[in-house]
>>> print(open('start.txt').read())   # compact mmCIF, C-alpha atoms
# COMPACT_ATOMS: atom_id res chain seq x y z
CA MET A 83 1.62 22.62 16.53
CA ALA A 84 0.95 24.57 13.33
CA ILE A 85 3.79 25.61 11.00
CA ASP A 86 3.32 28.47 8.49
CA ILE A 87 5.83 28.40 5.64
CA ASP A 88 7.00 31.14 3.27
CA ARG A 89 6.15 29.42 -0.01
CA HIS A 90 7.96 32.12 -2.01
CA ASP A 91 11.31 31.10 -0.50
CA LYS A 92 13.44 29.73 -3.38
CA GLU A 93 15.05 27.00 -1.30
CA TRP A 94 11.66 25.76 -0.07
CA ARG A 95 10.14 25.81 -3.58
CA SER A 96 13.06 23.81 -4.98
CA HIS A 97 12.82 21.27 -2.14
CA PHE A 98 9.03 20.97 -2.50
CA ILE A 99 9.11 20.39 -6.27
CA SER A 100 11.95 17.87 -5.98
CA SER A 101 10.16 15.94 -3.23
CA MET A 102 6.82 15.80 -5.01
CA SER A 103 8.40 14.69 -8.30
CA CYS A 104 9.95 11.72 -6.48
CA GLY A 105 6.84 10.88 -4.48
CA ARG A 106 8.41 11.93 -1.16
CA ASP A 107 6.77 13.88 1.65
CA PRO A 108 8.27 17.42 1.46
CA TYR A 109 7.52 17.96 5.15
CA ALA A 110 9.32 14.83 6.39
CA ALA A 111 12.57 16.64 7.21
CA LEU A 112 10.69 19.31 9.16
CA ARG A 113 8.75 16.73 11.14
CA MET A 114 11.96 14.88 12.02
CA ALA A 115 13.68 18.12 13.09
CA LEU A 116 10.75 19.20 15.26
CA ARG A 117 9.73 15.96 16.94
CA GLY A 118 12.30 13.29 16.12
CA ARG A 119 10.63 9.89 15.95
CA THR A 120 7.95 10.75 18.49
CA ARG A 121 4.45 10.08 17.13
CA SER A 122 2.57 11.70 20.01
CA ILE A 123 3.06 15.21 18.58
CA GLU A 124 0.94 16.20 15.59
CA ILE A 125 2.18 19.00 13.33
CA LEU A 126 -0.04 20.74 10.77
CA PHE A 127 1.62 22.30 7.74
CA GLU A 128 -0.92 24.83 6.41
CA ARG A 129 -3.65 22.24 6.09
CA HIS A 130 -6.40 23.25 3.64
CA THR A 131 -8.97 22.82 6.38
CA GLY A 132 -7.12 25.46 8.39
CA HIS A 133 -6.68 25.59 12.16
CA ASP A 134 -8.82 28.59 13.04
CA ASP A 135 -11.07 26.41 15.20
CA VAL A 136 -8.20 25.69 17.61
CA PRO A 137 -6.89 28.47 19.91
CA MET A 138 -3.26 29.00 18.95
CA THR A 139 -0.39 30.71 20.77
CA ILE A 140 2.51 32.24 18.85
CA VAL A 141 5.68 30.45 19.91
CA ARG A 142 8.29 31.89 17.56
CA ARG A 143 8.59 34.07 14.47
CA ARG A 144 11.57 34.12 12.19
CA GLY A 145 14.29 36.32 13.62
CA GLU A 146 13.27 35.90 17.26
CA THR A 147 15.55 34.24 19.79
CA LEU A 148 15.09 30.75 21.16
CA GLU A 149 14.85 32.25 24.66
CA THR A 150 11.79 34.24 23.59
CA ALA A 151 10.13 31.05 22.34
CA PHE A 152 10.84 29.25 25.63
CA GLU A 153 9.40 32.16 27.61
CA ARG A 154 6.17 31.94 25.63
CA ILE A 155 5.98 28.18 26.11
CA ASP A 156 6.57 28.54 29.86
CA GLY A 157 3.76 31.09 29.94
CA ILE A 158 1.18 28.61 28.65
CA THR A 159 -1.05 27.47 31.51
CA PRO A 160 -1.69 23.70 31.48
CA ASP A 161 -5.34 22.73 31.18
CA PRO A 162 -6.18 20.63 34.29
CA SER A 163 -9.04 18.95 32.42
CA ALA A 164 -6.86 17.79 29.51
CA GLY A 165 -6.74 14.07 28.83
CA ARG A 166 -6.35 11.57 26.01
CA ALA A 167 -7.90 12.49 22.68
CA ALA A 168 -11.09 10.72 21.70
CA ARG A 169 -10.33 7.51 19.82
CA ASP A 170 -12.61 8.22 16.89
CA ALA A 171 -10.27 7.64 13.92
CA MET A 172 -10.08 3.86 14.02
CA LEU A 173 -11.12 0.88 11.94
CA PRO A 174 -10.36 -2.83 12.50
CA ALA A 175 -7.68 -2.73 9.79
CA PHE A 176 -5.71 -0.17 11.81
CA GLU A 177 -5.85 -1.89 15.20
CA GLY A 178 -2.38 -2.23 16.68
CA LEU A 179 -0.85 0.11 14.10
CA GLU A 180 -1.96 3.41 15.63
CA HIS A 181 1.46 3.98 17.22
CA TRP A 182 3.00 4.25 13.72
CA LEU A 183 0.01 5.74 11.90
CA PRO A 184 -0.37 9.41 12.87
CA ARG A 185 -3.88 10.52 13.65
CA TYR A 186 -4.16 12.73 10.57
CA VAL A 187 -3.26 9.73 8.36
CA LEU A 188 -5.94 7.61 10.01
CA GLN A 189 -8.51 10.37 9.61
CA GLU A 190 -7.83 10.89 5.92
CA LEU A 191 -7.72 7.16 5.17
CA ILE A 192 -11.13 6.80 6.81
CA GLN A 193 -12.40 9.71 4.71
CA LEU A 194 -11.20 7.96 1.56
CA ILE A 195 -12.78 4.67 2.63
CA GLU A 196 -16.11 6.25 3.54
CA ALA A 197 -16.15 8.18 0.24
CA ARG A 198 -15.61 4.86 -1.58
CA ILE A 199 -12.38 6.08 -3.10
CA LEU A 200 -10.20 3.44 -1.47
CA LEU A 201 -10.54 -0.17 -0.35
CA VAL A 202 -8.21 -0.93 2.55
CA ASP A 203 -7.56 -4.22 4.26
CA ARG A 204 -4.87 -5.60 6.51
CA LEU A 205 -2.39 -8.36 5.64
CA ASP A 206 -0.03 -10.49 7.71
CA LEU A 207 2.95 -10.94 5.42
CA PRO A 208 4.88 -14.20 4.96
CA ILE A 209 8.49 -14.22 6.06
CA GLY A 210 10.85 -15.72 3.51
CA GLN A 211 13.10 -15.11 0.56
CA ILE A 212 11.98 -14.83 -3.04
CA ILE A 213 12.80 -18.03 -4.90
CA GLY A 214 13.55 -18.25 -8.60
CA GLU A 215 13.57 -14.50 -9.32
CA ARG A 216 16.86 -13.67 -11.00
CA VAL A 217 15.95 -10.01 -11.48
CA VAL A 218 14.41 -9.34 -8.07
CA GLY A 219 17.29 -10.78 -6.04
CA PRO A 220 19.98 -8.51 -7.53
CA HIS A 221 17.61 -5.54 -7.24
CA LEU A 222 17.28 -6.13 -3.50
CA ASP A 223 21.02 -6.75 -3.12
CA ARG A 224 21.79 -3.38 -4.69
CA ARG A 225 19.54 -1.53 -2.31
CA TRP A 226 19.76 -3.19 1.11
CA THR A 227 21.97 -5.47 3.15
CA SER A 228 20.70 -8.86 4.28
CA ALA A 229 20.32 -7.50 7.86
CA SER A 230 18.21 -4.49 6.87
CA ASN A 231 14.65 -4.16 8.19
CA LEU A 232 13.65 -2.78 4.80
CA ARG A 233 15.17 -5.79 3.04
CA ARG A 234 13.07 -8.06 5.26
CA ALA A 235 9.94 -6.02 4.51
CA ALA A 236 10.70 -6.07 0.78
CA GLU A 237 11.14 -9.85 0.71
CA ALA A 238 7.94 -10.38 2.68
CA SER A 239 5.91 -8.04 0.44
CA LEU A 240 7.23 -9.57 -2.77
CA SER A 241 6.68 -13.08 -1.41
CA HIS A 242 3.04 -12.18 -0.82
CA LEU A 243 2.63 -10.88 -4.37
CA HIS A 244 4.49 -13.88 -5.80
CA GLU A 245 2.21 -16.31 -3.94
CA ARG A 246 -0.78 -14.60 -5.57
CA GLY A 247 0.70 -15.19 -9.02
CA ILE A 248 1.64 -11.55 -9.66
CA ASP A 249 4.61 -10.93 -11.96
CA LEU A 250 7.15 -9.20 -9.72
CA HIS A 251 8.63 -7.42 -12.72
CA THR A 252 5.49 -5.24 -12.66
CA GLY A 253 6.33 -3.93 -9.19
CA HIS A 254 7.45 -0.51 -8.00
CA LEU A 255 9.36 -1.01 -4.75
CA GLN A 256 9.90 1.91 -2.35
CA GLY A 257 10.16 4.51 -5.07
CA VAL A 258 12.04 2.45 -7.68
CA ASP A 259 10.83 0.20 -10.52
CA ILE A 260 12.07 -3.37 -10.08
CA VAL A 261 12.62 -3.46 -13.85
CA ASP A 262 13.52 -0.15 -15.50
CA GLY A 263 10.90 1.03 -17.96
CA ALA A 264 8.37 -1.68 -17.08
CA THR A 265 4.68 -1.00 -16.51
CA THR A 266 4.27 -1.11 -12.72
CA PRO A 267 0.70 -1.25 -11.41
CA TYR A 268 1.82 -2.83 -8.10
CA PHE A 269 3.38 -0.47 -5.57
CA VAL A 270 5.14 -1.36 -2.30
CA GLY A 271 6.17 1.16 0.33
CA PHE A 272 7.62 1.24 3.84
CA ASN A 273 7.31 3.59 6.84
CA LEU A 274 4.82 5.88 5.01
CA ARG A 275 7.76 7.51 3.20
CA ARG A 276 5.95 7.62 -0.16
CA PHE A 277 2.42 6.90 1.00
CA SER A 278 1.26 10.41 0.12
CA ALA A 279 1.79 9.65 -3.60
CA MET A 280 -0.61 6.68 -3.59
CA LEU A 281 -3.65 8.36 -5.14
CA TYR A 282 -1.48 9.99 -7.80
CA CYS A 283 -0.04 6.58 -8.70
CA PHE A 284 -3.54 5.13 -8.99
CA GLU A 285 -4.79 8.01 -11.13
CA GLU A 286 -1.80 8.72 -13.35
CA HIS A 287 0.20 5.48 -13.49
CA GLY A 288 -2.46 2.79 -13.74
CA GLY A 289 -1.89 1.57 -10.21
CA VAL A 290 -4.11 -1.29 -9.06
CA GLU A 291 -2.68 -1.97 -5.61
CA TRP A 292 -0.44 -0.42 -2.96
CA LEU A 293 1.10 -2.46 -0.13
CA GLU A 294 2.36 -0.35 2.76
CA VAL A 295 4.45 -2.00 5.47
CA VAL A 296 3.80 0.57 8.15
CA HIS A 297 6.54 -0.50 10.55
CA PRO A 298 9.29 -2.80 9.20
CA THR A 299 11.02 -4.70 11.99
CA ALA A 300 13.93 -7.11 12.32
CA LYS A 301 12.10 -9.92 14.14
CA GLN A 302 8.44 -9.08 14.76
CA PRO A 303 5.63 -10.16 12.40
CA LEU A 304 5.22 -7.81 9.48
CA VAL A 305 1.82 -6.21 8.85
CA ALA A 306 0.84 -4.34 5.71
CA LEU A 307 -2.09 -2.22 4.62
CA ARG A 308 -3.36 -3.26 1.20
CA CYS A 309 -4.94 -0.29 -0.58
CA ARG A 310 -6.85 -0.49 -3.86
CA PRO A 311 -8.88 2.05 -5.84
CA ALA A 312 -12.60 1.46 -5.36
CA ASP A 313 -13.67 3.46 -8.42
CA VAL A 314 -10.87 4.23 -10.85
CA ASP A 315 -13.03 6.13 -13.33
CA ASN A 316 -14.29 8.62 -10.73
CA MET A 317 -11.27 8.66 -8.40
CA ALA A 318 -9.89 12.04 -9.49
CA ALA A 319 -13.28 13.76 -9.25
CA ASN A 320 -14.04 12.24 -5.85
CA ARG A 321 -10.58 13.09 -4.53
CA GLN A 322 -10.90 16.70 -5.65
CA ARG A 323 -14.31 16.93 -4.03
CA ILE A 324 -12.79 15.97 -0.67
CA PHE A 325 -9.27 17.36 -0.81
CA GLY A 326 -9.49 20.17 -3.34
CA ASP A 327 -6.56 20.66 -5.70
CA ARG A 328 -4.03 18.79 -3.57
CA SER A 329 -2.13 16.19 -5.59
CA THR A 330 -1.62 14.12 -2.45
CA PHE A 331 -3.93 13.37 0.43
CA LEU A 332 -1.52 13.58 3.40
>>> encode(input="start.txt", output="structure tokens")
Amino acid sequence: MAIDIDRHDKEWRSHFISSMSCGRDPYAALRMALRGRTRSIEILFERHTGHDDVPMTIVRRRGETLETAFERIDGITPDPSAGRAARDAMLPAFEGLEHWLPRYVLQELIQLIEARILLVDRLDLPIGQIIGERVVGPHLDRRWTSASNLRRAAEASLSHLHERGIDLHTGHLQGVDIVDGATTPYFVGFNLRRFSAMLYCFEEHGGVEWLEVVHPTAKQPLVALRCRPADVDNMAANRQRIFGDRSTFL
């Protein structure tokens, strides 16, 4: 499905600027409204690569009734030869995560890896509470309850960093600095909510590592993607070569 947006609409412009300034995906609300939590539907929001190579059928224009849209959908003839898409956007690090990593995310991550912009590996995170961190504990308590999946993912991610000897006060956790005003080269995110801001954080905020817990759960093992810049000095130039003037890559 391809969505064309009126970018001159004041409400959309305000929402877009607010989302980007906070590192959020401005299209997240639209995706949720259109497909819920289903990952089997891919939606393109005016991608720079365009969608002219794919035959498209108009479903609805602004002002038309829902009945008109349904009539057009019912008029689409199913392709009897259709089947599963080719499984070409896959690397060992992504095995088992494809249900929560949309295909376009996989494709662009592979582009970044092949262009030697990013280094990506997979981590199995330890399960346990942070010990001896008087600042981190209250920070987590303010944000999540003890039963929260995100709290569990946060504790596991910070435990991993702590075990490696990294000062947790230099962390930026799901959009918020653990210590206000601190330099934060270590970023942690969940559910791809802020994943689109990763390259910007590497380029503009001295980021050295981004841990993304793709699917936080209450009881299952937690898996994270560890992303690092492969070439900080040339990252901006290489990114622009691939993605043009986009500040994000998703």
>>> closest_residue(input="start.txt", among="A:Pro298, A:Glu149, A:Phe277, A:Gly165", to="Leu191 of chain A", atoms="only C-alpha atoms")
A:Phe277
>>> atom_distance(input="start.txt", atom1="atom CA of Trp182 of chain A", atom2="atom CA of Asp88 of chain A")
29.1 Å
>>> residues_around(input="start.txt", residues="Leu255 of chain A", least_positions_apart="4", cutoff="8 Å", atoms="only C-alpha atoms", output="list in words")
Ala236, Asp259, Ile260, Phe269, Val270 and Gly271 of chain A
>>> atom_distance(input="start.txt", atom1="atom CA of Val141 of chain A", atom2="atom CA of Gln189 of chain A")
26.7 Å
>>> closest_residue(input="start.txt", among="A:Arg95, A:Arg275, A:His254, A:Arg117", to="Leu240 of chain A", atoms="only C-alpha atoms")
A:His254
>>> closest_residue(input="start.txt", among="A:Ala110, A:Leu281, A:Val217, A:Ile195", to="Gln322 of chain A", atoms="all atoms listed in the file")
A:Leu281
>>> closest_residue(input="start.txt", among="A:Arg321, A:Asn231, A:Thr265, A:Arg246", to="Gln302 of chain A", atoms="all atoms listed in the file")
A:Asn231
>>> atom_distance(input="start.txt", atom1="atom CA of Ser100 of chain A", atom2="atom CA of Met114 of chain A")
18.2 Å
>>> closest_residue(input="start.txt", among="A:Ile158, A:Leu194, A:His90, A:Pro184", to="Arg113 of chain A", atoms="only C-alpha atoms")
A:Pro184
>>> closest_residue(input="start.txt", among="A:Arg198, A:Arg106, A:Arg185, A:Lys92", to="Asn320 of chain A", atoms="all atoms listed in the file")
A:Arg198
>>> residues_around(input="start.txt", residues="Glu237 of chain A", least_positions_apart="2", cutoff="10 Å", atoms="all atoms listed in the file", output="PDB file with C-alpha atoms, in the coordinates of the input")
ATOM      1  CA  LEU A 207       2.950 -10.940   5.420  1.00  0.00           C
ATOM      2  CA  PRO A 208       4.880 -14.200   4.960  1.00  0.00           C
ATOM      3  CA  ILE A 209       8.490 -14.220   6.060  1.00  0.00           C
ATOM      4  CA  GLY A 210      10.850 -15.720   3.510  1.00  0.00           C
ATOM      5  CA  GLN A 211      13.100 -15.110   0.560  1.00  0.00           C
ATOM      6  CA  ILE A 212      11.980 -14.830  -3.040  1.00  0.00           C
ATOM      7  CA  VAL A 218      14.410  -9.340  -8.070  1.00  0.00           C
ATOM      8  CA  GLY A 219      17.290 -10.780  -6.040  1.00  0.00           C
ATOM      9  CA  LEU A 222      17.280  -6.130  -3.500  1.00  0.00           C
ATOM     10  CA  LEU A 232      13.650  -2.780   4.800  1.00  0.00           C
ATOM     11  CA  ARG A 233      15.170  -5.790   3.040  1.00  0.00           C
ATOM     12  CA  ARG A 234      13.070  -8.060   5.260  1.00  0.00           C
ATOM     13  CA  ALA A 235       9.940  -6.020   4.510  1.00  0.00           C
ATOM     14  CA  SER A 239       5.910  -8.040   0.440  1.00  0.00           C
ATOM     15  CA  LEU A 240       7.230  -9.570  -2.770  1.00  0.00           C
ATOM     16  CA  SER A 241       6.680 -13.080  -1.410  1.00  0.00           C
ATOM     17  CA  HIS A 242       3.040 -12.180  -0.820  1.00  0.00           C
ATOM     18  CA  LEU A 243       2.630 -10.880  -4.370  1.00  0.00           C
TER      19      LEU A 243
END
